[in-house]
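Trainee: Here it is, the structure in full.
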Amino acid sequence: MTPTLSTPDRIRDILVKYWGFDSVRPLQHEAITATLAHRDSLVVMPTGGGKSLCYQLPPLLTGHTTLVISPLIALMKDQVDALRLIGVSAAALNSSQSEEEAQQTWADLRAGNLRIVFIAPERLFTGNLIERLGELGITHIAVDEAHCISQWGHDFRPEYRRLSELRSRIPKVSFQALTATATPRVRDDIAQQLSLKDPATIVGVFDRPNLTYRVHQRTDLVGQVIEAVERHKDGATIVYCISRKDTESLADDLKRHKLKAAAYHAGLAASTRQRVQEHFKQERLDVVVATVAFGMGIDRSNVRCVIHAAMPKSVEAYSQETGRAGRDGLPSECLLLYSAADAAKWSRIVELSAKEHDTDPAQVAHQLALLEELRRLVTGSRCRHRALSEYFGQEYTPTSGTGCGACDICLHESEGVPDSTVIAQKILSCIFRAAGSDPDRPYHYGAKHIVTILRGRATADVTRRGHQQLSTFGILADVPADTLGNYIDQLVDIGALGREHGQYPTLYLTAMSWEILKGKRQIELRATRASESAPDPVSGSEPAAPFDSGLFERLRELRRELATQFGVPAYIIFGDAALQDMARVRPTSPESFSRVKGVGERKVAEFAERFTSIIAEYCQAHNLSIDNAPTPSGPRRASRSTTGSKSPAKVRSFQMFDQRRPIDEIAKEVGLTPGTIHEHLAHYIEERKPADIHTWVDPKTYELITTTARKLNADRLKPVFEHLAGLVPYEKIRITLTHALGSRPKGV
Ligand code: ADP
Ligand code: ZN
């Protein structure tokens with residue numbers, strides 16, 4: 001520390017030395033300088049905003065000890081380990097420690113050797129601990145997850161209420177309260193409960209530009225989840241379900257499709273839960289299908305995808321859960337698979353629980369209102385980034401005129417179904433006819449029965465009621481059942497159909513139904529567009545500089561090994577952003593390694609050798625340039641990397657190639673031309689290198705093509721095609737040569 005340096009320079013020095021970052025973010029700077037000026041502060045930043053640095057950096061400049069109150073004992077060890085790995089002396093005081101460890105911590109505290117001490121609030125109020133801490137000259141206290149002090153927050157902890165006592169019991173201490181909870185009510189409550197004195201209030205922007213929000217109609221849950229998981233193979237996915245039962249059955253489905261997945265809910269044995277958490281942190285497990293019980297205490301930073309298998313119960317819950325994606329600031333996806341039945345299911349849960357617990361009707365109404373807010377957001381057609389920001393009381397300004405570029409709405413991922421009104425009329429008319437001839441005593445049926453009639457399936461249920469005689473029997477035979485069910489949901493959503501609440505969710509016609517039936521009203525049904533290429537979040541974002549994906553994978557492997565060796569979560573060794581930067585810079589010396597973003601002095605000493613030797617070896621084998629100049633810090637609003645992301649349609653094709661399905665069949669199912677499917681197949685053959693491709697090219701033709709190519713000494717298509725005088729289509733030649741040569745032939 002050089003006393004002559006200005007404060008910003010001193011902050012920067014510390015940041016480079018310990019964290020290996022170039023600069024503090026503007027709000028981090030404000031928070032840090034408030035603390036250095038011994039001023040109270042309230043720091044409100046979204047998840048991933050960089051709150052930790054706000055309390056971790058100042059003690060390194062002042063040489064004092066900062067006390068950090070944190071409710072998450074499970075995370076304390078990780079936080080301490082992470083700090084120690086970058087060379088910051090830190091410790092924790094909590095009930096999970098041995099007497100010996102606690103004594104060591106006290107000895108270090110008295111000797112003035114610790115910069116940061118984490119403590120759980122319940123521990124703080126045992127014995128004369130506070131006075132003992134006061135005598136040690138603690139001058140700054142950071143209260144992490146400060147919303148726990150407020151009953152209006154989502155995670156109220158009564159023991160947080162006593163924190164205000166600290167004010168009188170340790171005089172001259174400055175407070176820093178940190179939270180990601182955006183609501184003004186909670187914010188005010190925190191300031192009041194902690195008696196903050198004229199606090200510097202530092203509030204970040206809540207929008208998370210690196211997240212792409214998608215709300216898709218749930219038509220084929222398992223297929224849709226698999227597609228999304230496959231899109232994010234290079235990171236982790238959390239799938240949230242409403243019920244415990246659902247988590248288990250979906251996890252089983254995924255396993256059946258050869259995905260490594262585990263279920264997680266509060267009903268599992270503690271040891272099972274512990275194991276899932278550990279494996280997830282150490283990156284030995286990438287897909288967890290969970291209830292909301294999975295979350296607190298999970299701070300893996302490279303969760304690339306959060307899927308909601310059904311709509312959650314409020315915008316707060318949705319934002320909390322999606323918040324777990326992309327904490328490292330890299331592009332990540334939040335996919336909500338919606339069905340109108342979800343809202344009905346939640347209302348039922350709320351009502352049942354209210355009955356059981358004799359809940360105050362006002363509280364029930366409040367919960368239903370929260371549910372309705374989310375339903376509106378989900379079924380609405382406004383930009384998701386905007387809708388979320390505005391819900392939390394912040395204005396949203398997209399960077400381009402065409403919207404955020406990172407949500408299903410702005411990316412135009414759904415499109416109107418042709419002849420929507422006619423389809424709706426057929427559905428409504430089927431419900432009308434099934435209801436019977438007595439208008440005073442109509443029979444109502446659920447969606448499943450109506451769908452069976454529309455598709456013309458003469459099941460026992462249908463024939464028993466004589467419904468195979470209805471004029472609407474089989475009038476939508478060519479529409480898949482899931483899709484029809486989904487159209488019915490959409491009709492319910494817009495009020496074009498009614499659905500009973502409760503045990504029998506039967507359908508009935510509404511006034512709007514009649515307007516549609518009589519041709520007085522047009523409606524539009526929406527379907528997710530079968531897109532050819534995965535839409536990139538463009539959002540006025542600088543594209544992230546490309547990195548070598550093979551090397552990145554290799555570095556992840558090394559990280560996993562080190563995590564196991566050190567007994568820490570993988571992201572504590574290095575985050576994905578640092579590994580990607582390594583795969584760009586490709587350092588082969590400690591000096592060059594230190595230029596990678598997120599690599600501070602201590603990590604150079606600890607890890608340079610292992611990483612640089614692997615990088616050198618890889619680059620030599622793959623003929624790649626090494627020790628490149630570091631990439632300039634771009635904006636954090638990064639876009640998807642250029643590596644290996646596949647479109648949903650392509651992922652589907654790949655799955656069907658795995659099952660060896662014929663081209664035409666796949667084309668029909670995916671909704672693309674056979675030409676495009678052949679294109680996918682060439683990629684598939686190149687990537688997966690199947691032993692043979694007899695399903696798509698019979699052995700004789702294969703032989704003919706390859707011998708011709710050999711004879712002509714050709715690695716291009718045209719000479720072979722011409723030589724065979726149009727005997728064999730271009731596509732067959734292309735995939736055969738791809739298979740025979742190991743890569744797609746260059747040019748025609
Ligand atoms: P929060 O606690 O607000 O959720 P974190 O403190 O975990 O956020 O930080 C989120 C991510 O941002 C981490 O991966 C962290 O390393 C990174 N980060 C924080 N500050 C900076 C900075 N100034 N420059 C670059 N990366 C940063
Ligand atoms: Zn948008």
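Each chain of the structure tokens is named A, B, ... in the order shown, its residues numbered from 1; ligands are numbered from 1 in display order.
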Grab me every residue within 9 Å of ligand 2, counting only C-alpha atoms and all ligand atoms, and send it over as an mmCIF file with all heavy atoms, in the first residue's frame.
Mentor:
data_model
loop_
_atom_site.group_PDB
_atom_site.id
_atom_site.type_symbol
_atom_site.label_atom_id
_atom_site.label_comp_id
_atom_site.auth_asym_id
_atom_site.auth_seq_id
_atom_site.Cartn_x
_atom_site.Cartn_y
_atom_site.Cartn_z
ATOM 1 N N THR A 212 -31.547 -14.445 -21.043
ATOM 2 C CA THR A 212 -32.583 -14.471 -22.065
ATOM 3 C C THR A 212 -33.807 -15.139 -21.456
ATOM 4 O O THR A 212 -33.733 -16.278 -21.011
ATOM 5 C CB THR A 212 -32.117 -15.256 -23.306
ATOM 6 O OG1 THR A 212 -31.009 -14.568 -23.873
ATOM 7 C CG2 THR A 212 -33.229 -15.350 -24.346
ATOM 8 N N TYR A 213 -34.900 -14.392 -21.388
ATOM 9 C CA TYR A 213 -36.132 -14.948 -20.812
ATOM 10 C C TYR A 213 -37.002 -15.530 -21.911
ATOM 11 O O TYR A 213 -37.225 -14.878 -22.928
ATOM 12 C CB TYR A 213 -36.928 -13.863 -20.093
ATOM 13 C CG TYR A 213 -36.239 -13.274 -18.892
ATOM 14 C CD1 TYR A 213 -35.642 -12.021 -18.959
ATOM 15 C CD2 TYR A 213 -36.185 -13.973 -17.682
ATOM 16 C CE1 TYR A 213 -35.006 -11.471 -17.845
ATOM 17 C CE2 TYR A 213 -35.549 -13.434 -16.572
ATOM 18 C CZ TYR A 213 -34.962 -12.189 -16.661
ATOM 19 O OH TYR A 213 -34.328 -11.653 -15.573
ATOM 20 N N ARG A 382 -45.642 -8.420 -23.743
ATOM 21 C CA ARG A 382 -44.674 -7.327 -23.621
ATOM 22 C C ARG A 382 -43.297 -7.920 -23.372
ATOM 23 O O ARG A 382 -43.174 -9.000 -22.806
ATOM 24 C CB ARG A 382 -45.040 -6.434 -22.439
ATOM 25 C CG ARG A 382 -46.397 -5.798 -22.594
ATOM 26 C CD ARG A 382 -46.736 -5.006 -21.346
ATOM 27 N NE ARG A 382 -45.810 -3.897 -21.182
ATOM 28 C CZ ARG A 382 -45.267 -3.550 -20.028
ATOM 29 N NH1 ARG A 382 -45.515 -4.249 -18.949
ATOM 30 N NH2 ARG A 382 -44.461 -2.531 -19.947
ATOM 31 N N CYS A 383 -42.300 -7.157 -23.758
ATOM 32 C CA CYS A 383 -40.917 -7.569 -23.529
ATOM 33 C C CYS A 383 -40.744 -8.023 -22.073
ATOM 34 O O CYS A 383 -41.148 -7.330 -21.152
ATOM 35 C CB CYS A 383 -40.001 -6.392 -23.818
ATOM 36 S SG CYS A 383 -38.327 -6.632 -23.249
ATOM 37 N N ARG A 384 -40.167 -9.188 -21.881
ATOM 38 C CA ARG A 384 -40.028 -9.740 -20.522
ATOM 39 C C ARG A 384 -39.083 -8.904 -19.663
ATOM 40 O O ARG A 384 -39.305 -8.732 -18.470
ATOM 41 C CB ARG A 384 -39.492 -11.169 -20.562
ATOM 42 C CG ARG A 384 -40.167 -12.080 -21.564
ATOM 43 C CD ARG A 384 -41.543 -12.482 -21.123
ATOM 44 N NE ARG A 384 -42.180 -13.350 -22.116
ATOM 45 C CZ ARG A 384 -43.470 -13.572 -22.179
ATOM 46 N NH1 ARG A 384 -44.299 -12.995 -21.331
ATOM 47 N NH2 ARG A 384 -43.973 -14.368 -23.099
ATOM 48 N N HIS A 385 -38.011 -8.410 -20.263
ATOM 49 C CA HIS A 385 -37.077 -7.582 -19.493
ATOM 50 C C HIS A 385 -37.798 -6.328 -18.989
ATOM 51 O O HIS A 385 -37.656 -5.931 -17.842
ATOM 52 C CB HIS A 385 -35.869 -7.179 -20.346
ATOM 53 C CG HIS A 385 -34.826 -8.260 -20.443
ATOM 54 N ND1 HIS A 385 -33.837 -8.412 -19.510
ATOM 55 C CD2 HIS A 385 -34.649 -9.252 -21.343
ATOM 56 C CE1 HIS A 385 -33.074 -9.462 -19.841
ATOM 57 N NE2 HIS A 385 -33.554 -9.979 -20.954
ATOM 58 N N ARG A 386 -38.576 -5.747 -19.894
ATOM 59 C CA ARG A 386 -39.300 -4.542 -19.504
ATOM 60 C C ARG A 386 -40.325 -4.847 -18.418
ATOM 61 O O ARG A 386 -40.396 -4.165 -17.395
ATOM 62 C CB ARG A 386 -39.994 -3.922 -20.719
ATOM 63 C CG ARG A 386 -40.878 -2.729 -20.370
ATOM 64 C CD ARG A 386 -41.659 -2.244 -21.571
ATOM 65 N NE ARG A 386 -40.782 -1.679 -22.587
ATOM 66 C CZ ARG A 386 -40.294 -0.438 -22.541
ATOM 67 N NH1 ARG A 386 -40.597 0.345 -21.531
ATOM 68 N NH2 ARG A 386 -39.507 -0.003 -23.483
ATOM 69 N N ALA A 387 -41.094 -5.900 -18.638
ATOM 70 C CA ALA A 387 -42.158 -6.221 -17.682
ATOM 71 C C ALA A 387 -41.582 -6.491 -16.294
ATOM 72 O O ALA A 387 -42.126 -6.032 -15.285
ATOM 73 C CB ALA A 387 -42.952 -7.430 -18.183
ATOM 74 N N PRO A 398 -34.502 -0.291 -23.533
ATOM 75 C CA PRO A 398 -33.762 -1.246 -24.373
ATOM 76 C C PRO A 398 -32.669 -0.511 -25.129
ATOM 77 O O PRO A 398 -32.801 0.681 -25.429
ATOM 78 C CB PRO A 398 -34.822 -1.790 -25.330
ATOM 79 C CG PRO A 398 -35.922 -0.799 -25.319
ATOM 80 C CD PRO A 398 -35.864 -0.052 -24.018
ATOM 81 N N THR A 402 -35.436 -2.169 -31.474
ATOM 82 C CA THR A 402 -36.221 -3.371 -31.731
ATOM 83 C C THR A 402 -36.439 -4.202 -30.475
ATOM 84 O O THR A 402 -36.826 -5.358 -30.559
ATOM 85 C CB THR A 402 -35.535 -4.250 -32.787
ATOM 86 O OG1 THR A 402 -34.175 -4.442 -32.373
ATOM 87 C CG2 THR A 402 -35.574 -3.617 -34.152
ATOM 88 N N GLY A 403 -36.193 -3.627 -29.337
ATOM 89 C CA GLY A 403 -36.444 -4.361 -28.096
ATOM 90 C C GLY A 403 -35.168 -4.883 -27.474
ATOM 91 O O GLY A 403 -34.067 -4.509 -27.869
ATOM 92 N N CYS A 404 -35.355 -5.745 -26.484
ATOM 93 C CA CYS A 404 -34.201 -6.177 -25.698
ATOM 94 C C CYS A 404 -33.324 -7.168 -26.431
ATOM 95 O O CYS A 404 -32.146 -7.325 -26.134
ATOM 96 C CB CYS A 404 -34.675 -6.786 -24.385
ATOM 97 S SG CYS A 404 -35.379 -8.440 -24.587
ATOM 98 N N GLY A 405 -33.905 -7.862 -27.398
ATOM 99 C CA GLY A 405 -33.122 -8.867 -28.116
ATOM 100 C C GLY A 405 -32.828 -10.088 -27.273
ATOM 101 O O GLY A 405 -32.047 -10.942 -27.663
ATOM 102 N N ALA A 406 -33.404 -10.175 -26.100
ATOM 103 C CA ALA A 406 -33.099 -11.306 -25.226
ATOM 104 C C ALA A 406 -34.342 -11.819 -24.515
ATOM 105 O O ALA A 406 -34.313 -12.140 -23.335
ATOM 106 C CB ALA A 406 -32.016 -10.917 -24.230
ATOM 107 N N CYS A 407 -35.451 -11.857 -25.229
ATOM 108 C CA CYS A 407 -36.632 -12.506 -24.658
ATOM 109 C C CYS A 407 -37.468 -13.062 -25.815
ATOM 110 O O CYS A 407 -37.306 -12.634 -26.963
ATOM 111 C CB CYS A 407 -37.450 -11.549 -23.791
ATOM 112 S SG CYS A 407 -38.532 -10.436 -24.670
ATOM 113 N N ASP A 408 -38.334 -14.002 -25.513
ATOM 114 C CA ASP A 408 -39.102 -14.647 -26.574
ATOM 115 C C ASP A 408 -39.937 -13.660 -27.366
ATOM 116 O O ASP A 408 -40.143 -13.819 -28.566
ATOM 117 C CB ASP A 408 -39.997 -15.766 -26.002
ATOM 118 C CG ASP A 408 -40.958 -15.243 -24.959
ATOM 119 O OD1 ASP A 408 -40.523 -14.432 -24.114
ATOM 120 O OD2 ASP A 408 -42.135 -15.626 -24.966
ATOM 121 N N ILE A 409 -40.392 -12.593 -26.691
ATOM 122 C CA ILE A 409 -41.234 -11.619 -27.383
ATOM 123 C C ILE A 409 -40.415 -10.834 -28.400
ATOM 124 O O ILE A 409 -40.750 -10.784 -29.584
ATOM 125 C CB ILE A 409 -41.868 -10.634 -26.371
ATOM 126 C CG1 ILE A 409 -42.668 -11.377 -25.307
ATOM 127 C CG2 ILE A 409 -42.707 -9.590 -27.094
ATOM 128 C CD1 ILE A 409 -43.916 -12.051 -25.786
ATOM 129 N N CYS A 410 -39.308 -10.234 -27.928
ATOM 130 C CA CYS A 410 -38.505 -9.413 -28.835
ATOM 131 C C CYS A 410 -37.832 -10.259 -29.906
ATOM 132 O O CYS A 410 -37.481 -9.762 -30.972
ATOM 133 C CB CYS A 410 -37.475 -8.607 -28.056
ATOM 134 S SG CYS A 410 -38.234 -7.463 -26.893
ATOM 135 N N LEU A 411 -37.638 -11.539 -29.624
ATOM 136 C CA LEU A 411 -37.012 -12.415 -30.623
ATOM 137 C C LEU A 411 -38.066 -13.056 -31.538
ATOM 138 O O LEU A 411 -37.740 -13.868 -32.389
ATOM 139 C CB LEU A 411 -36.204 -13.519 -29.932
ATOM 140 C CG LEU A 411 -34.955 -13.067 -29.161
ATOM 141 C CD1 LEU A 411 -34.449 -14.172 -28.257
ATOM 142 C CD2 LEU A 411 -33.868 -12.628 -30.132
ATOM 143 N N SER A 539 -29.349 -7.775 -28.206
ATOM 144 C CA SER A 539 -29.463 -6.709 -27.218
ATOM 145 C C SER A 539 -28.367 -5.664 -27.246
ATOM 146 O O SER A 539 -27.810 -5.321 -26.235
ATOM 147 C CB SER A 539 -29.523 -7.307 -25.819
ATOM 148 O OG SER A 539 -28.439 -8.132 -25.583
#
Trainee: Can you pull out every residue from region 84-176 of chain A that DSSP, working from the backbone, puts in alpha helix (DSSP H), and format the result as a ChimeraX atom specification?
Mentor: /A:84-85,99-110,121-124,129-135,165-169
Trainee: Hey, can you check how far CA of Asp328 (chain A) sits from CA of Val303 (chain A)?
Mentor: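 Pair CA of Asp328 (chain A) / CA of Val303 (chain A) returns 8.7 Å.
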Trainee: At what distance in Å, to one decimal, does CA of Gln56 (chain A) lie from CA of Leu15 (chain A)?
Mentor: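 CA of Gln56 (chain A) lies at a distance of 10.3 Å from CA of Leu15 (chain A).
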Trainee: Calculated over only C-alpha atoms, which of the candidates A:Gly474, A:Gly598, A:Pro442, A:Gly112 has the smallest distance to Arg457 (chain A)?
Mentor: A:Gly474
Trainee: Find the spatial neighbours of Glu165 (chain A), counting only C-alpha atoms, within a cut-off of 12 Å - ignore same-chain residues fewer than 2 positions away - and output them as a ChimeraX atom specification.
Mentor: /A:121,124-125,130-131,159-163,167-171,173,193-195
Trainee: Can you pull out the residues contacting Leu491 (chain A)? Cut-off 12 Å, using only C-alpha atoms, and skip same-chain residues under 2 positions away; I want them as a PyMOL selection string.
Mentor: chain A and resi 339-341+379+420-421+423-425+427-428+447+484-489+493-499+507-510+512-513+516+523-526
Trainee: Pick out the residues sitting within 8 Å of region 176-181 of chain A, and hand them over as JSON, numbers by chain; count only C-alpha atoms, and ignore anything fewer than 3 positions along from it in its own chain.
Mentor: {"A": [35, 40, 41, 42, 43, 44, 45, 46, 47, 51, 55, 140, 141, 142, 143, 144, 145, 146, 147, 153, 186, 187, 190]}
Trainee: Once you have the residues from the selection above, write them out as a compact mmCIF listing (two decimals), in the first residue's frame, restricted to N, CA and C atoms.
Mentor:
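Once written, again15.txt looks like this:
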# COMPACT_ATOMS: atom_id res chain seq x y z
N THR A 35 -17.82 3.16 2.75
CA THR A 35 -17.26 2.44 3.90
C THR A 35 -15.93 3.04 4.34
N ASP A 40 -22.53 4.84 7.01
CA ASP A 40 -23.48 3.75 6.83
C ASP A 40 -23.90 3.68 5.37
N SER A 41 -24.23 2.49 4.92
CA SER A 41 -24.71 2.40 3.55
C SER A 41 -25.70 1.26 3.37
N LEU A 42 -26.53 1.41 2.34
CA LEU A 42 -27.49 0.38 1.97
C LEU A 42 -27.21 0.04 0.51
N VAL A 43 -26.77 -1.18 0.26
CA VAL A 43 -26.36 -1.56 -1.08
C VAL A 43 -27.38 -2.55 -1.65
N VAL A 44 -28.08 -2.13 -2.69
CA VAL A 44 -29.10 -2.98 -3.29
C VAL A 44 -28.68 -3.28 -4.73
N MET A 45 -28.28 -4.50 -4.96
CA MET A 45 -27.83 -4.87 -6.31
C MET A 45 -28.40 -6.23 -6.65
N PRO A 46 -28.65 -6.47 -7.93
CA PRO A 46 -29.20 -7.78 -8.29
C PRO A 46 -28.16 -8.87 -8.05
N THR A 47 -28.62 -10.08 -8.03
CA THR A 47 -27.71 -11.22 -7.95
C THR A 47 -26.68 -11.11 -9.06
N LYS A 51 -21.89 -7.76 -5.09
CA LYS A 51 -22.00 -7.22 -3.73
C LYS A 51 -20.82 -7.61 -2.85
N TYR A 55 -17.94 -5.41 0.47
CA TYR A 55 -17.51 -5.51 1.86
C TYR A 55 -16.16 -6.21 2.00
N HIS A 140 -16.37 -1.90 11.44
CA HIS A 140 -17.31 -2.00 10.32
C HIS A 140 -18.03 -3.35 10.32
N ILE A 141 -19.35 -3.27 10.17
CA ILE A 141 -20.14 -4.50 10.12
C ILE A 141 -20.93 -4.53 8.82
N ALA A 142 -20.79 -5.61 8.07
CA ALA A 142 -21.59 -5.77 6.86
C ALA A 142 -22.70 -6.77 7.16
N VAL A 143 -23.93 -6.40 6.79
CA VAL A 143 -25.05 -7.31 6.99
C VAL A 143 -25.48 -7.84 5.62
N ASP A 144 -25.09 -9.08 5.34
CA ASP A 144 -25.40 -9.65 4.03
C ASP A 144 -26.84 -10.19 4.06
N GLU A 145 -27.47 -10.28 2.91
CA GLU A 145 -28.86 -10.75 2.83
C GLU A 145 -29.73 -9.97 3.82
N ALA A 146 -29.56 -8.65 3.81
CA ALA A 146 -30.19 -7.82 4.83
C ALA A 146 -31.72 -7.86 4.81
N HIS A 147 -32.31 -8.31 3.70
CA HIS A 147 -33.78 -8.39 3.66
C HIS A 147 -34.32 -9.38 4.69
N GLY A 153 -40.03 -9.15 3.38
CA GLY A 153 -39.15 -9.85 2.44
C GLY A 153 -39.60 -11.28 2.29
N VAL A 186 -39.20 -3.16 1.54
CA VAL A 186 -38.17 -3.93 2.24
C VAL A 186 -36.95 -3.04 2.49
N ARG A 187 -36.62 -2.26 1.49
CA ARG A 187 -35.47 -1.37 1.60
C ARG A 187 -35.63 -0.41 2.80
N ILE A 190 -35.32 -2.19 6.12
CA ILE A 190 -33.93 -2.50 6.50
C ILE A 190 -33.28 -1.28 7.16
Trainee: Kindly give the distance, in Å, that separates CA of Glu333 (chain A) and CA of Ile307 (chain A), rounded to a single decimal.
Mentor: 8.2 Å
Trainee: I'd like to know which residues of region 209-282 of chain A are strand (DSSP E or B) (by DSSP, run on the backbone); could you write them as a VMD selection string?
Mentor: chain A and resid 211 to 217 236 to 240 261 to 264
Trainee: With N, CA and C atoms retained, export the selected residues as a PDB file, in the first residue's frame.
Mentor:
ATOM      1  N   LEU A 211     -29.354 -12.428 -19.169  1.00  0.00           N
ATOM      2  CA  LEU A 211     -30.345 -13.506 -19.161  1.00  0.00           C
ATOM      3  C   LEU A 211     -31.311 -13.363 -20.340  1.00  0.00           C
ATOM      4  N   THR A 212     -31.547 -14.445 -21.043  1.00  0.00           N
ATOM      5  CA  THR A 212     -32.583 -14.471 -22.065  1.00  0.00           C
ATOM      6  C   THR A 212     -33.807 -15.139 -21.456  1.00  0.00           C
ATOM      7  N   TYR A 213     -34.900 -14.392 -21.388  1.00  0.00           N
ATOM      8  CA  TYR A 213     -36.132 -14.948 -20.812  1.00  0.00           C
ATOM      9  C   TYR A 213     -37.002 -15.530 -21.911  1.00  0.00           C
ATOM     10  N   ARG A 214     -37.469 -16.737 -21.693  1.00  0.00           N
ATOM     11  CA  ARG A 214     -38.391 -17.331 -22.660  1.00  0.00           C
ATOM     12  C   ARG A 214     -39.589 -17.893 -21.918  1.00  0.00           C
ATOM     13  N   VAL A 215     -40.766 -17.612 -22.446  1.00  0.00           N
ATOM     14  CA  VAL A 215     -41.963 -18.277 -21.951  1.00  0.00           C
ATOM     15  C   VAL A 215     -42.519 -19.043 -23.139  1.00  0.00           C
ATOM     16  N   HIS A 216     -42.505 -20.349 -23.059  1.00  0.00           N
ATOM     17  CA  HIS A 216     -43.049 -21.143 -24.152  1.00  0.00           C
ATOM     18  C   HIS A 216     -44.230 -21.954 -23.635  1.00  0.00           C
ATOM     19  N   GLN A 217     -45.176 -22.194 -24.509  1.00  0.00           N
ATOM     20  CA  GLN A 217     -46.289 -23.050 -24.139  1.00  0.00           C
ATOM     21  C   GLN A 217     -45.753 -24.443 -23.871  1.00  0.00           C
ATOM     22  N   ALA A 236     -24.526 -25.652 -16.105  1.00  0.00           N
ATOM     23  CA  ALA A 236     -25.518 -26.358 -15.309  1.00  0.00           C
ATOM     24  C   ALA A 236     -26.934 -25.874 -15.622  1.00  0.00           C
ATOM     25  N   THR A 237     -27.900 -26.754 -15.354  1.00  0.00           N
ATOM     26  CA  THR A 237     -29.308 -26.394 -15.504  1.00  0.00           C
ATOM     27  C   THR A 237     -30.060 -26.773 -14.232  1.00  0.00           C
ATOM     28  N   ILE A 238     -30.907 -25.861 -13.761  1.00  0.00           N
ATOM     29  CA  ILE A 238     -31.816 -26.210 -12.661  1.00  0.00           C
ATOM     30  C   ILE A 238     -33.229 -26.215 -13.229  1.00  0.00           C
ATOM     31  N   VAL A 239     -33.967 -27.288 -12.983  1.00  0.00           N
ATOM     32  CA  VAL A 239     -35.357 -27.350 -13.446  1.00  0.00           C
ATOM     33  C   VAL A 239     -36.246 -27.292 -12.206  1.00  0.00           C
ATOM     34  N   TYR A 240     -37.097 -26.280 -12.122  1.00  0.00           N
ATOM     35  CA  TYR A 240     -37.999 -26.175 -10.974  1.00  0.00           C
ATOM     36  C   TYR A 240     -39.371 -26.761 -11.281  1.00  0.00           C
ATOM     37  N   ALA A 261     -28.982 -36.563 -14.295  1.00  0.00           N
ATOM     38  CA  ALA A 261     -29.806 -35.604 -13.571  1.00  0.00           C
ATOM     39  C   ALA A 261     -30.165 -36.179 -12.207  1.00  0.00           C
ATOM     40  N   ALA A 262     -30.463 -35.293 -11.258  1.00  0.00           N
ATOM     41  CA  ALA A 262     -30.887 -35.767  -9.939  1.00  0.00           C
ATOM     42  C   ALA A 262     -32.068 -34.939  -9.469  1.00  0.00           C
ATOM     43  N   ALA A 263     -32.943 -35.580  -8.695  1.00  0.00           N
ATOM     44  CA  ALA A 263     -34.066 -34.854  -8.108  1.00  0.00           C
ATOM     45  C   ALA A 263     -33.635 -34.289  -6.761  1.00  0.00           C
ATOM     46  N   TYR A 264     -34.277 -33.192  -6.366  1.00  0.00           N
ATOM     47  CA  TYR A 264     -33.968 -32.589  -5.073  1.00  0.00           C
ATOM     48  C   TYR A 264     -35.233 -31.972  -4.496  1.00  0.00           C
TER      49      TYR A 264
END
